[in-house]
$ cat upload_13.tsv   # TSV, C-alpha atoms
chain	number	residue	atom	x	y	z
D	2	MET	CA	0.00	0.00	0.00
D	3	GLU	CA	1.28	3.47	-0.90
D	4	VAL	CA	0.11	6.94	0.12
D	5	ASP	CA	1.28	9.75	-2.14
D	6	ALA	CA	1.26	12.90	-0.03
D	7	ARG	CA	3.76	14.85	-2.12
D	8	GLY	CA	2.82	18.50	-2.64
D	9	LEU	CA	0.47	18.42	0.34
D	10	VAL	CA	0.95	20.36	3.54
D	11	CYS	CA	-0.15	19.28	6.97
D	12	PRO	CA	-2.47	18.00	8.16
D	13	GLN	CA	-3.33	16.32	4.85
D	14	PRO	CA	-0.40	13.85	4.72
D	15	VAL	CA	-1.35	12.63	8.22
D	16	ILE	CA	-5.07	12.41	7.33
D	17	LEU	CA	-4.24	10.31	4.24
D	18	THR	CA	-1.98	8.10	6.35
D	19	LYS	CA	-4.68	7.73	9.00
D	20	LYS	CA	-7.26	6.73	6.37
D	21	ALA	CA	-4.90	4.20	4.82
D	22	MET	CA	-4.18	2.76	8.28
D	23	SER	CA	-7.90	2.14	8.86
D	24	LYS	CA	-7.45	-0.88	6.54
D	25	LYS	CA	-4.89	-2.16	9.08
D	26	PRO	CA	-1.97	-2.80	6.68
D	27	GLU	CA	1.12	-4.54	8.06
D	28	VAL	CA	3.37	-2.41	5.84
D	29	MET	CA	2.81	0.76	3.88
D	30	ASP	CA	4.84	3.50	2.16
D	31	VAL	CA	4.10	7.20	2.56
D	32	LEU	CA	5.63	9.64	0.08
D	33	VAL	CA	6.18	13.20	1.33
D	34	ASP	CA	8.21	16.15	0.07
D	35	ASN	CA	8.53	18.47	3.04
D	36	VAL	CA	10.14	18.04	6.44
D	37	ALA	CA	7.06	19.11	8.41
D	38	ALA	CA	5.02	16.34	6.75
D	39	LEU	CA	7.88	13.90	7.34
D	40	GLU	CA	7.93	14.71	11.07
D	41	ASN	CA	4.15	14.70	11.46
D	42	VAL	CA	3.59	11.40	9.65
D	43	THR	CA	6.47	9.84	11.60
D	44	ARG	CA	4.98	11.04	14.90
D	45	TYR	CA	1.50	9.76	14.02
D	46	ALA	CA	2.77	6.40	12.75
D	47	THR	CA	4.90	5.90	15.86
D	48	ALA	CA	1.86	6.65	18.05
D	49	MET	CA	-0.09	4.08	16.02
D	50	LYS	CA	2.62	1.49	16.81
D	51	TYR	CA	4.37	1.43	13.46
D	52	ASP	CA	8.13	1.35	12.96
D	53	VAL	CA	9.18	4.10	10.57
D	54	GLU	CA	12.16	3.92	8.25
D	55	LYS	CA	13.02	7.07	6.30
D	56	VAL	CA	14.47	6.81	2.80
D	57	ALA	CA	15.53	10.15	1.28
D	58	SER	CA	15.45	10.57	-2.46
D	59	GLY	CA	16.36	14.08	-3.63
D	60	ASP	CA	13.78	16.49	-2.22
D	61	GLU	CA	11.40	13.65	-1.43
D	62	TYR	CA	11.16	11.06	1.29
D	63	ILE	CA	9.67	7.60	1.36
D	64	LEU	CA	8.51	6.63	4.82
D	65	LYS	CA	8.42	2.85	5.16
D	66	LEU	CA	5.92	1.96	7.85
D	67	ARG	CA	5.84	-1.52	9.39
D	68	LYS	CA	3.46	-2.62	12.15
D	69	LYS	CA	5.29	-3.41	15.38
R	216	MET	CA	9.49	14.54	26.68
R	217	THR	CA	10.56	14.50	23.03
R	218	LYS	CA	12.89	17.13	21.54
R	219	GLU	CA	10.05	18.23	19.23
R	220	LYS	CA	7.73	18.93	22.16
R	221	LYS	CA	10.44	20.87	23.99
R	222	MET	CA	10.91	23.01	20.88
R	223	VAL	CA	7.20	23.82	20.61
R	224	ILE	CA	7.04	24.70	24.32
R	225	LEU	CA	10.14	26.90	23.98
R	226	THR	CA	8.54	28.69	21.01
R	227	GLY	CA	5.32	29.32	22.96
R	228	PHE	CA	7.38	30.71	25.84
R	229	ILE	CA	9.50	32.99	23.63
R	230	VAL	CA	6.43	34.25	21.71
R	231	GLY	CA	4.76	35.13	25.03
R	232	LEU	CA	7.92	36.72	26.41
R	233	SER	CA	8.43	38.74	23.22
R	234	ALA	CA	4.85	39.99	23.35
R	235	LEU	CA	5.33	41.14	26.96
R	236	ILE	CA	8.63	42.85	26.12
R	237	LEU	CA	7.23	44.59	23.02
R	238	VAL	CA	4.24	45.94	24.96
R	239	ALA	CA	6.56	47.14	27.74
R	240	PHE	CA	8.65	48.96	25.13
R	241	GLY	CA	5.84	50.67	23.28
R	242	ASN	CA	3.70	48.31	21.23
R	243	PRO	CA	-0.05	48.84	21.79
R	244	LYS	CA	-1.36	47.14	24.95
R	245	ASN	CA	-2.07	43.42	24.56
R	246	MET	CA	-1.08	43.60	20.91
R	247	GLY	CA	2.48	42.46	21.44
R	248	PHE	CA	2.60	40.03	18.58
R	249	CYS	CA	-0.69	40.32	16.71
R	250	ILE	CA	-0.20	39.19	13.13
R	251	ALA	CA	-3.55	40.55	11.93
R	252	CYS	CA	-3.02	43.96	13.55
R	253	PHE	CA	0.51	44.21	12.18
R	254	ILE	CA	-0.53	43.31	8.63
R	255	ARG	CA	-3.31	45.90	8.94
R	256	ASP	CA	-0.74	48.52	9.96
R	257	ILE	CA	1.48	47.52	7.03
R	258	ALA	CA	-1.53	48.00	4.71
R	259	GLY	CA	-1.83	51.45	6.27
R	260	SER	CA	1.87	52.22	5.80
R	261	LEU	CA	1.37	51.58	2.07
R	262	ASP	CA	-1.70	53.86	2.09
R	263	LEU	CA	-3.92	50.91	1.15
R	264	HIS	CA	-6.05	52.39	3.94
R	265	THR	CA	-5.58	55.73	5.66
R	266	THR	CA	-6.80	55.13	9.22
R	267	LYS	CA	-4.75	57.40	11.47
R	268	GLY	CA	-2.65	55.60	14.06
R	269	LEU	CA	-2.73	52.35	12.10
R	270	GLN	CA	-0.02	53.12	9.57
R	271	TYR	CA	3.35	51.57	10.29
R	272	ALA	CA	5.40	49.01	8.35
R	273	ARG	CA	5.69	46.73	11.40
R	274	PRO	CA	9.15	45.12	11.36
R	275	GLU	CA	7.76	42.15	13.33
R	276	ILE	CA	6.04	40.73	10.23
R	277	PHE	CA	9.12	40.99	8.02
R	278	GLY	CA	11.33	39.72	10.83
R	279	LEU	CA	9.13	36.65	11.24
R	280	ILE	CA	9.33	35.90	7.52
R	281	LEU	CA	13.09	36.45	7.38
R	282	GLY	CA	13.77	34.50	10.59
R	283	SER	CA	11.98	31.57	9.02
R	284	THR	CA	13.87	32.02	5.73
R	285	LEU	CA	17.26	32.09	7.45
R	286	PHE	CA	16.56	29.01	9.54
R	287	ALA	CA	15.02	27.15	6.59
R	288	LEU	CA	18.12	27.92	4.49
R	289	ILE	CA	20.44	26.76	7.28
R	290	ASN	CA	18.44	23.54	7.73
R	291	LYS	CA	18.13	23.02	3.98
R	292	GLU	CA	14.34	23.15	4.30
R	293	PHE	CA	13.86	26.11	1.98
R	294	ARG	CA	11.78	24.92	-0.97
R	295	ALA	CA	10.03	27.13	-3.49
R	296	THR	CA	6.59	25.65	-4.07
R	297	SER	CA	3.19	26.95	-5.15
R	298	GLY	CA	0.22	26.18	-7.35
R	299	SER	CA	-2.29	24.92	-4.80
R	300	ALA	CA	-5.54	26.85	-5.41
R	301	PRO	CA	-4.07	30.37	-5.25
R	302	VAL	CA	-7.34	32.28	-5.70
R	303	MET	CA	-9.05	30.19	-3.04
R	304	ARG	CA	-6.14	30.80	-0.66
R	305	PHE	CA	-6.25	34.54	-1.36
R	306	THR	CA	-9.99	34.53	-0.56
R	307	LEU	CA	-9.54	32.49	2.62
R	308	GLY	CA	-6.73	34.85	3.68
R	309	PHE	CA	-9.04	37.79	3.01
R	310	PHE	CA	-11.81	36.39	5.20
R	311	MET	CA	-9.40	35.21	7.89
R	312	MET	CA	-8.27	38.84	8.20
R	313	ALA	CA	-11.83	40.20	8.00
R	314	GLY	CA	-12.87	37.94	10.89
R	315	ALA	CA	-9.79	38.83	12.93
R	316	LEU	CA	-10.47	42.56	12.54
R	317	VAL	CA	-14.04	42.14	13.79
R	318	PHE	CA	-12.81	40.49	16.99
R	319	LEU	CA	-9.70	42.72	16.87
R	320	GLY	CA	-6.99	40.15	17.01
R	321	CYS	CA	-5.50	37.10	15.35
R	322	PRO	CA	-5.43	33.81	17.31
R	323	LEU	CA	-2.15	34.90	18.90
R	324	ARG	CA	-3.62	38.14	20.20
R	325	MET	CA	-6.72	36.25	21.34
R	326	VAL	CA	-4.48	34.29	23.71
R	327	LEU	CA	-2.61	37.47	24.70
R	328	ARG	CA	-5.94	39.15	25.51
R	329	LEU	CA	-7.02	36.07	27.45
R	330	GLY	CA	-3.78	36.23	29.43
R	331	ALA	CA	-4.48	39.88	30.28
R	332	GLY	CA	-7.90	39.00	31.72
R	333	ASP	CA	-10.03	40.17	28.78
R	334	GLY	CA	-13.25	38.13	29.03
R	335	LYS	CA	-14.20	38.84	25.39
R	336	ALA	CA	-11.36	36.53	24.41
R	337	ILE	CA	-13.21	33.60	26.02
R	338	PHE	CA	-16.01	34.01	23.47
R	339	ALA	CA	-13.40	34.35	20.75
R	340	LEU	CA	-11.75	31.12	21.87
R	341	ILE	CA	-15.09	29.29	21.78
R	342	GLY	CA	-15.69	30.52	18.22
R	343	PHE	CA	-12.10	29.80	17.15
R	344	THR	CA	-12.29	26.23	18.46
R	345	GLY	CA	-15.69	25.74	16.77
R	346	GLY	CA	-14.32	27.05	13.46
R	347	ILE	CA	-11.34	24.69	13.63
R	348	ALA	CA	-13.66	21.78	14.50
R	349	LEU	CA	-15.77	22.57	11.43
R	350	GLY	CA	-12.67	22.90	9.25
R	351	SER	CA	-11.27	19.64	10.65
R	352	TYR	CA	-14.57	17.93	9.80
R	353	PHE	CA	-14.22	19.09	6.18
R	354	LEU	CA	-10.57	17.97	6.10
R	355	ASN	CA	-11.58	14.55	7.40
R	356	GLN	CA	-14.27	14.36	4.74
R	357	GLY	CA	-11.67	14.91	2.04
R	358	PHE	CA	-11.39	18.71	1.73
R	359	THR	CA	-8.20	19.69	-0.05
R	360	LEU	CA	-6.85	22.75	-1.82
R	361	GLY	CA	-4.81	20.42	-4.02
R	362	ARG	CA	-1.14	19.76	-4.42
R	363	SER	CA	1.56	22.38	-4.78
R	364	PHE	CA	4.48	22.02	-7.15
R	365	LYS	CA	8.15	22.83	-7.06
R	366	GLN	CA	9.00	26.26	-8.49
R	367	LYS	CA	12.19	28.15	-9.31
R	368	SER	CA	13.98	29.32	-6.14
R	369	ILE	CA	13.40	33.00	-6.95
R	370	GLU	CA	9.62	32.40	-6.77
R	371	GLY	CA	10.02	31.40	-3.13
R	372	MET	CA	12.59	34.11	-2.40
R	373	LEU	CA	10.47	37.02	-3.65
R	374	LEU	CA	8.48	37.61	-0.46
R	375	PRO	CA	11.59	37.35	1.76
R	376	LEU	CA	13.33	39.84	-0.56
R	377	ILE	CA	10.31	42.15	-0.50
R	378	SER	CA	10.43	41.85	3.30
R	379	ILE	CA	13.98	43.22	3.31
R	380	ALA	CA	12.88	46.10	1.08
R	381	MET	CA	9.91	46.78	3.34
R	382	LEU	CA	12.17	46.84	6.40
R	383	VAL	CA	14.29	49.55	4.75
R	384	PHE	CA	11.13	51.41	3.67
R	385	GLY	CA	9.61	51.07	7.15
R	386	PHE	CA	12.79	52.24	8.87
R	387	PHE	CA	13.11	55.40	6.80
R	388	LYS	CA	9.38	56.14	6.72
R	389	MET	CA	9.33	55.92	10.49
R	390	VAL	CA	11.99	58.64	10.83
R	391	GLY	CA	10.10	61.85	11.49
R	392	PHE	CA	6.73	60.11	11.64
R	393	GLU	CA	6.92	58.74	15.15
R	394	GLY	CA	3.32	59.63	15.93
R	395	GLU	CA	1.71	57.39	13.29
R	396	ALA	CA	1.29	54.29	15.41
R	397	SER	CA	2.61	53.41	18.83
R	398	HIS	CA	5.39	50.90	18.56
R	399	ALA	CA	8.41	49.38	20.24
R	400	PRO	CA	11.90	50.38	19.01
R	401	PHE	CA	12.46	49.20	15.43
R	402	PHE	CA	15.47	46.96	16.06
R	403	LEU	CA	13.99	45.40	19.20
R	404	SER	CA	10.87	44.42	17.22
R	405	LEU	CA	12.97	43.11	14.37
R	406	GLY	CA	15.37	41.16	16.58
R	407	LEU	CA	12.63	39.42	18.56
R	408	ALA	CA	10.69	38.66	15.39
R	409	LEU	CA	13.76	37.06	13.78
R	410	ILE	CA	14.15	34.80	16.82
R	411	VAL	CA	10.45	33.89	16.90
R	412	GLY	CA	10.42	33.30	13.12
R	413	ALA	CA	13.37	30.93	13.39
R	414	LEU	CA	11.88	29.06	16.37
R	415	ALA	CA	8.44	28.80	14.76
R	416	GLN	CA	10.03	27.48	11.56
R	417	ARG	CA	11.79	24.78	13.52
R	418	SER	CA	8.89	23.86	15.82
R	419	ARG	CA	5.98	24.35	13.31
R	420	PHE	CA	4.26	26.38	16.06
R	421	CYS	CA	0.66	27.04	15.00
R	422	MET	CA	-2.38	28.27	16.91
R	423	VAL	CA	-4.78	26.49	14.55
R	424	GLY	CA	-2.66	23.34	14.41
R	425	GLY	CA	-2.72	22.95	18.20
R	426	ILE	CA	-6.48	22.51	18.35
R	427	ARG	CA	-6.81	20.88	14.92
R	428	ASP	CA	-4.29	18.11	15.59
R	429	TYR	CA	-5.95	17.29	18.88
R	430	ILE	CA	-9.37	17.02	17.20
R	431	LEU	CA	-8.10	15.00	14.25
R	432	PHE	CA	-5.39	12.81	15.78
R	433	LYS	CA	-5.58	13.30	19.56
R	434	ASP	CA	-2.08	14.78	19.20
R	435	ASN	CA	-1.37	17.46	21.83
R	436	HIS	CA	2.09	18.30	20.43
R	437	LEU	CA	1.33	21.78	19.00
R	438	PHE	CA	-1.33	22.49	21.62
R	439	LEU	CA	1.40	22.51	24.27
R	440	GLY	CA	2.91	25.53	22.52
R	441	SER	CA	-0.35	27.49	22.67
R	442	LEU	CA	-0.84	26.49	26.31
R	443	THR	CA	2.71	27.59	27.19
R	444	LEU	CA	2.05	30.92	25.47
R	445	LEU	CA	-1.10	31.46	27.54
R	446	ILE	CA	0.62	30.56	30.82
R	447	THR	CA	3.61	32.79	30.00
R	448	VAL	CA	1.52	35.89	29.26
R	449	LEU	CA	-0.81	35.21	32.19
R	450	ILE	CA	2.07	35.04	34.68
R	451	GLY	CA	3.90	37.91	32.93
R	452	ASN	CA	0.87	40.19	33.04
R	453	ILE	CA	0.24	39.43	36.70
R	454	ILE	CA	3.88	40.21	37.57
R	455	LEU	CA	3.90	43.40	35.48
R	456	GLY	CA	0.56	44.53	36.87
R	457	ASN	CA	-1.12	44.42	33.44
R	458	PHE	CA	-3.68	41.80	34.42
R	459	SER	CA	-7.16	43.24	34.74
R	460	LEU	CA	-10.20	40.99	34.72
R	461	SER	CA	-13.15	42.17	32.65
R	462	PHE	CA	-16.20	40.35	31.37
R	463	THR	CA	-19.29	41.27	29.39
R	464	PHE	CA	-21.83	39.39	27.30
R	465	SER	CA	-22.31	42.46	25.10
R	466	GLN	CA	-21.65	41.65	21.41
R	467	SER	CA	-20.33	38.23	22.45
R	468	ILE	CA	-22.08	36.47	19.56
R	469	TRP	CA	-19.99	38.52	17.12
R	470	TYR	CA	-16.74	37.65	18.88
R	471	ILE	CA	-17.76	34.00	18.63
R	472	LEU	CA	-18.76	34.17	14.95
R	473	SER	CA	-15.82	36.30	13.81
R	474	MET	CA	-13.32	33.91	15.35
R	475	THR	CA	-15.29	30.94	14.00
R	476	LEU	CA	-14.54	32.41	10.58
R	477	VAL	CA	-10.85	32.78	11.48
R	478	GLY	CA	-10.66	29.20	12.80
R	479	LEU	CA	-12.48	27.78	9.79
R	480	CYS	CA	-10.30	29.64	7.27
R	481	GLY	CA	-7.14	28.75	9.21
R	482	ALA	CA	-8.03	25.05	9.34
R	483	LEU	CA	-8.78	24.94	5.60
R	484	LEU	CA	-5.57	26.87	4.82
R	485	GLY	CA	-3.49	24.54	6.98
R	486	GLY	CA	-2.38	27.11	9.53
R	487	CYS	CA	-2.93	30.30	11.51
R	488	PRO	CA	-1.67	33.72	10.31
R	489	LEU	CA	1.70	33.22	12.06
R	490	ARG	CA	2.16	29.83	10.39
R	491	GLN	CA	1.35	31.41	7.01
R	492	LEU	CA	4.21	33.89	7.56
R	493	VAL	CA	6.62	31.13	8.52
R	494	LEU	CA	5.64	29.02	5.49
R	495	THR	CA	6.07	32.10	3.28
R	496	GLY	CA	9.59	32.40	4.66
R	497	GLU	CA	10.26	28.76	3.75
R	498	GLY	CA	9.45	29.53	0.11
R	499	ASN	CA	5.80	28.50	0.10
R	500	GLY	CA	4.15	30.67	-2.57
R	501	ASP	CA	0.67	29.49	-1.58
R	502	SER	CA	1.15	31.01	1.86
R	503	ALA	CA	2.56	34.16	0.26
R	504	ILE	CA	-0.70	34.50	-1.71
R	505	THR	CA	-2.63	33.95	1.53
R	506	LEU	CA	-0.60	36.75	3.10
R	507	LEU	CA	-1.49	39.08	0.21
R	508	GLY	CA	-5.16	38.13	0.67
R	509	MET	CA	-4.82	39.12	4.33
R	510	LEU	CA	-3.22	42.44	3.35
R	511	VAL	CA	-6.09	43.27	0.98
R	512	GLY	CA	-8.60	42.04	3.56
R	513	ALA	CA	-7.16	44.47	6.11
R	514	ALA	CA	-7.32	47.38	3.67
R	515	VAL	CA	-10.93	46.63	2.72
R	516	SER	CA	-11.94	46.20	6.37
R	517	HIS	CA	-10.74	49.72	7.14
R	518	ASN	CA	-11.77	51.43	3.91
R	519	PHE	CA	-15.32	50.09	4.24
R	520	SER	CA	-15.49	50.38	8.04
R	521	THR	CA	-16.12	46.72	8.73
R	522	ALA	CA	-13.28	46.54	11.27
R	523	SER	CA	-14.45	46.91	14.86
R	524	THR	CA	-13.37	49.56	17.33
R	525	PRO	CA	-12.41	48.39	20.85
R	526	THR	CA	-15.98	49.08	21.99
R	527	LEU	CA	-18.12	48.58	18.89
R	528	VAL	CA	-18.72	45.80	16.38
R	529	LYS	CA	-19.98	47.58	13.26
R	530	SER	CA	-22.92	46.42	11.11
R	531	GLY	CA	-20.64	46.11	8.08
R	532	GLY	CA	-18.41	43.77	10.05
R	533	LYS	CA	-21.38	41.62	11.07
R	534	ILE	CA	-22.50	41.31	7.43
R	535	GLU	CA	-18.95	40.51	6.35
R	536	VAL	CA	-18.59	37.76	8.97
R	537	ILE	CA	-21.90	36.11	8.02
R	538	ALA	CA	-21.11	36.41	4.30
R	539	GLY	CA	-17.65	34.94	4.91
R	540	LEU	CA	-18.97	32.02	6.95
R	541	VAL	CA	-21.60	31.19	4.31
R	542	LEU	CA	-19.20	31.54	1.39
R	543	VAL	CA	-16.38	29.53	2.96
R	544	THR	CA	-18.71	26.79	4.24
R	545	VAL	CA	-20.49	26.40	0.88
R	546	THR	CA	-17.15	26.31	-0.94
R	547	ALA	CA	-15.82	23.66	1.46
R	548	VAL	CA	-18.97	21.53	1.06
R	549	LEU	CA	-18.72	21.73	-2.74
R	550	ILE	CA	-15.03	20.77	-2.71
R	551	VAL	CA	-15.72	17.81	-0.38
R	552	LYS	CA	-18.57	16.61	-2.63
R	553	LYS	CA	-16.49	16.85	-5.79
R	554	GLN	CA	-13.50	15.25	-4.10
R	555	ASN	CA	-15.58	12.27	-2.98
R	556	LYS	CA	-17.00	11.86	-6.49
R	557	GLY	CA	-13.42	11.77	-7.78
R	558	VAL	CA	-13.94	14.95	-9.84
R	559	ASN	CA	-11.23	17.61	-9.76

$ encode --input "upload_13.tsv" --output "structure tokens"
Amino acid sequence: MEVDARGLVCPQPVILTKKAMSKKPEVMDVLVDNVAALENVTRYATAMKYDVEKVASGDEYILKLRKK
Amino acid sequence: MTKEKKMVILTGFIVGLSALILVAFGNPKNMGFCIACFIRDIAGSLDLHTTKGLQYARPEIFGLILGSTLFALINKEFRATSGSAPVMRFTLGFFMMAGALVFLGCPLRMVLRLGAGDGKAIFALIGFTGGIALGSYFLNQGFTLGRSFKQKSIEGMLLPLISIAMLVFGFFKMVGFEGEASHAPFFLSLGLALIVGALAQRSRFCMVGGIRDYILFKDNHLFLGSLTLLITVLIGNIILGNFSLSFTFSQSIWYILSMTLVGLCGALLGGCPLRQLVLTGEGNGDSAITLLGMLVGAAVSHNFSTASTPTLVKSGGKIEVIAGLVLVTVTAVLIVKKQNKGVN
């Protein structure tokens, strides 16, 4: 499962992540392109008991979420 | 406590402290750091309106933008982006300012007024929270202003560069025109604003975000900043002898509704007026457009006498608030409907 939140400012990346999580995926990728979104999605995912791995690619980041 | 939370709390504290210092050194009472009031005064300094006493190119606004720019450049977070519903953002900025000038204060000043014992701010806070709750509902239902896109660096640097020009303009215009608006010393205002701008860029401090994130995600992260700000100004005002409790139900409905409009616009825009300045400093052209909408909104509010006086909410202001609430709500409903049908 992948959430493309590039070009979106908060809170939208977190809302999209929250909606995707409602399907209870074991793993999912979230694409963001600003540091505020990166921090906010990471904080939300951690609170929802997901491990977060950050992969930087140019100006963009892929957040690899895996259920603990 | 996480490092992020400490940063937000520190920002709330420094914003509150700066407001207390600026009032002590000459800024209008309880204004301290009011983004709406300062943008209104900047509109006045450019003769976009000609209300006496409200014409001064407040260095706080340009300092906030530039503080954010400097810190964003240092942290490699400066990114020129824009293209997300500019006309809609301009309109929301316009109404966010119109609402703020009916209550007489942006969300920051609302908390400063609360911390000085002004009971009217309680009604404002109720309205503000209600507006954010409504905006959060729309966001949860799929409201979006669309994606922004990467632009050339100069696009994002224009407002910071204009801010430097405006600082020079404001400094020289002020010489010999000291009576135009009461204010703290130029370089004190600028210095504190640079610090607050940098801290707010780092911490993402936002008065709308604090309540919004709690409603949407039960996340109290940003709310701690707002709470720290309130506690700081409350204690500061008590120590300095500026705390004076007052309460009246008179015109309370208009303080509620005007700040509902501010909260609603802020939630749909993704941040309070301060956050819009910080994002502008980071190169966000969509926030720059919002800022220009606020500037025009301030000019119109004074040219057409819809802005309140400290004792009177004017009929024009009441009409403007109702019109704004209807227009923004209908627009949000239409966007949500189209979004859920998969139509752009």

$ atom_distance --input "upload_13.tsv" --atom1 "CA of Gln466 (chain R)" --atom2 "CA of Met311 (chain R)"
19.3 Å

$ closest_residue --input "upload_13.tsv" --among "D:Lys19, D:Val31, D:Lys50, D:Lys69" --to "Val4 (chain D)" --atoms "all atoms listed in the file"
D:Val31

$ closest_atom_pairs --input "upload_13.tsv" --of "chain D" --to "chain R" --cutoff "12 Å" --atoms "only C-alpha atoms" --output "tab-separated table"
residue	atom	partner	partner_atom	distance
D:Asp5	CA	R:Arg362	CA	10.5
D:Ala6	CA	R:Arg362	CA	8.5
D:Arg7	CA	R:Arg362	CA	7.3
D:Gly8	CA	R:Arg362	CA	4.5
D:Leu9	CA	R:Arg362	CA	5.2
D:Val10	CA	R:Gly485	CA	7.0
D:Cys11	CA	R:Gly485	CA	6.2
D:Pro12	CA	R:Gly485	CA	6.7
D:Gln13	CA	R:Leu354	CA	7.5
D:Pro14	CA	R:Thr359	CA	10.8
D:Val15	CA	R:Phe432	CA	8.6
D:Ile16	CA	R:Asn355	CA	6.9
D:Leu17	CA	R:Gly357	CA	9.0
D:Thr18	CA	R:Phe432	CA	11.1
D:Lys19	CA	R:Phe432	CA	8.5
D:Lys20	CA	R:Asn355	CA	9.0
D:Val33	CA	R:Arg362	CA	11.4
D:Asp34	CA	R:Arg294	CA	9.5
D:Asn35	CA	R:Glu292	CA	7.6
D:Val36	CA	R:Glu292	CA	7.0
D:Ala37	CA	R:Arg419	CA	7.3
D:Ala38	CA	R:Arg419	CA	10.4
D:Leu39	CA	R:Glu292	CA	11.7
D:Glu40	CA	R:Glu219	CA	9.1
D:Asn41	CA	R:His436	CA	9.9
D:Val42	CA	R:Phe432	CA	11.0
D:Thr43	CA	R:Glu219	CA	11.9
D:Arg44	CA	R:Asp434	CA	9.1
D:Tyr45	CA	R:Phe432	CA	7.7
D:Ala46	CA	R:Phe432	CA	10.8
D:Thr47	CA	R:Asp434	CA	11.8
D:Ala48	CA	R:Asp434	CA	9.1
D:Met49	CA	R:Phe432	CA	10.2
D:Gly59	CA	R:Lys291	CA	11.9
D:Asp60	CA	R:Arg294	CA	8.8
D:Glu61	CA	R:Lys365	CA	11.2

$ atom_distance --input "upload_13.tsv" --atom1 "CA of Thr505 (chain R)" --atom2 "CA of Ile254 (chain R)"
11.9 Å

$ atom_distance --input "upload_13.tsv" --atom1 "CA of Val543 (chain R)" --atom2 "CA of Gly496 (chain R)"
26.2 Å

$ axis_aligned_box --input "upload_13.tsv" --around "region 330-337 of chain R" --padding-each-side "4 Å" --output "JSON"
{"center_x": -9.0, "center_y": 36.9, "center_z": 28.1, "size_x": 18.4, "size_y": 14.6, "size_z": 15.3}

$ residues_around --input "upload_13.tsv" --residues "His264 (chain R)" --least-positions-apart "3" --cutoff "8 Å" --atoms "all atoms listed in the file" --output "compact mmCIF listing (two decimals) with C-alpha atoms, in the frame of the given file"
# COMPACT_ATOMS: atom_id res chain seq x y z
CA ALA R 258 -1.53 48.00 4.71
CA GLY R 259 -1.83 51.45 6.27
CA LEU R 261 1.37 51.58 2.07
CA ALA R 514 -7.32 47.38 3.67
CA VAL R 515 -10.93 46.63 2.72
CA HIS R 517 -10.74 49.72 7.14
CA ASN R 518 -11.77 51.43 3.91

$ residues_around --input "upload_13.tsv" --residues "Gly282 (chain R)" --least-positions-apart "3" --cutoff "7 Å" --atoms "only C-alpha atoms" --output "ChimeraX atom specification"
/R:278-279,285-286,409-410,412-413

$ residues_around --input "upload_13.tsv" --residues "Val53 (chain D)" --least-positions-apart "4" --cutoff "7 Å" --atoms "all atoms listed in the file" --output "number ranges by chain"
D: 43, 64-67

$ residues_near_point --input "upload_13.tsv" --point "(11.7, 38.2, 23.5)" --cutoff "12 Å" --atoms "only C-alpha atoms" --output "JSON, numbers by chain"
{"R": [225, 226, 227, 228, 229, 230, 231, 232, 233, 234, 235, 236, 237, 238, 239, 240, 247, 248, 275, 403, 404, 405, 406, 407, 408, 409, 410, 411, 412, 414, 447, 448]}

$ residues_around --input "upload_13.tsv" --residues "Arg328 (chain R)" --least-positions-apart "5" --cutoff "12 Å" --atoms "all atoms listed in the file" --output "MDAnalysis selection string"
chainID R and resid 231 234:235 243:249 318:323 333:340 444:445 448:449 452 457:462

$ decode --input "upload_13.tsv" --residues "region 17-25 of chain D" --atoms "N, CA and C atoms" --output "CSV table (one decimal), in the first residue's frame"
chain,number,residue,atom,x,y,z
D,17,LEU,N,-4.3,11.4,5.2
D,17,LEU,CA,-4.2,10.3,4.2
D,17,LEU,C,-3.6,9.0,4.9
D,18,THR,N,-2.6,9.2,5.7
D,18,THR,CA,-2.0,8.1,6.3
D,18,THR,C,-3.0,7.4,7.3
D,19,LYS,N,-3.7,8.3,8.0
D,19,LYS,CA,-4.7,7.7,9.0
D,19,LYS,C,-5.8,6.9,8.3
D,20,LYS,N,-6.2,7.4,7.1
D,20,LYS,CA,-7.3,6.7,6.4
D,20,LYS,C,-6.7,5.4,5.8
D,21,ALA,N,-5.5,5.4,5.3
D,21,ALA,CA,-4.9,4.2,4.8
D,21,ALA,C,-4.7,3.2,6.0
D,22,MET,N,-4.4,3.7,7.1
D,22,MET,CA,-4.2,2.8,8.3
D,22,MET,C,-5.5,2.1,8.8
D,23,SER,N,-6.6,2.7,8.4
D,23,SER,CA,-7.9,2.1,8.9
D,23,SER,C,-8.1,0.8,8.2
D,24,LYS,N,-7.4,0.5,7.2
D,24,LYS,CA,-7.5,-0.9,6.5
D,24,LYS,C,-6.5,-1.8,7.2
D,25,LYS,N,-5.8,-1.4,8.3
D,25,LYS,CA,-4.9,-2.2,9.1
D,25,LYS,C,-3.8,-2.9,8.3
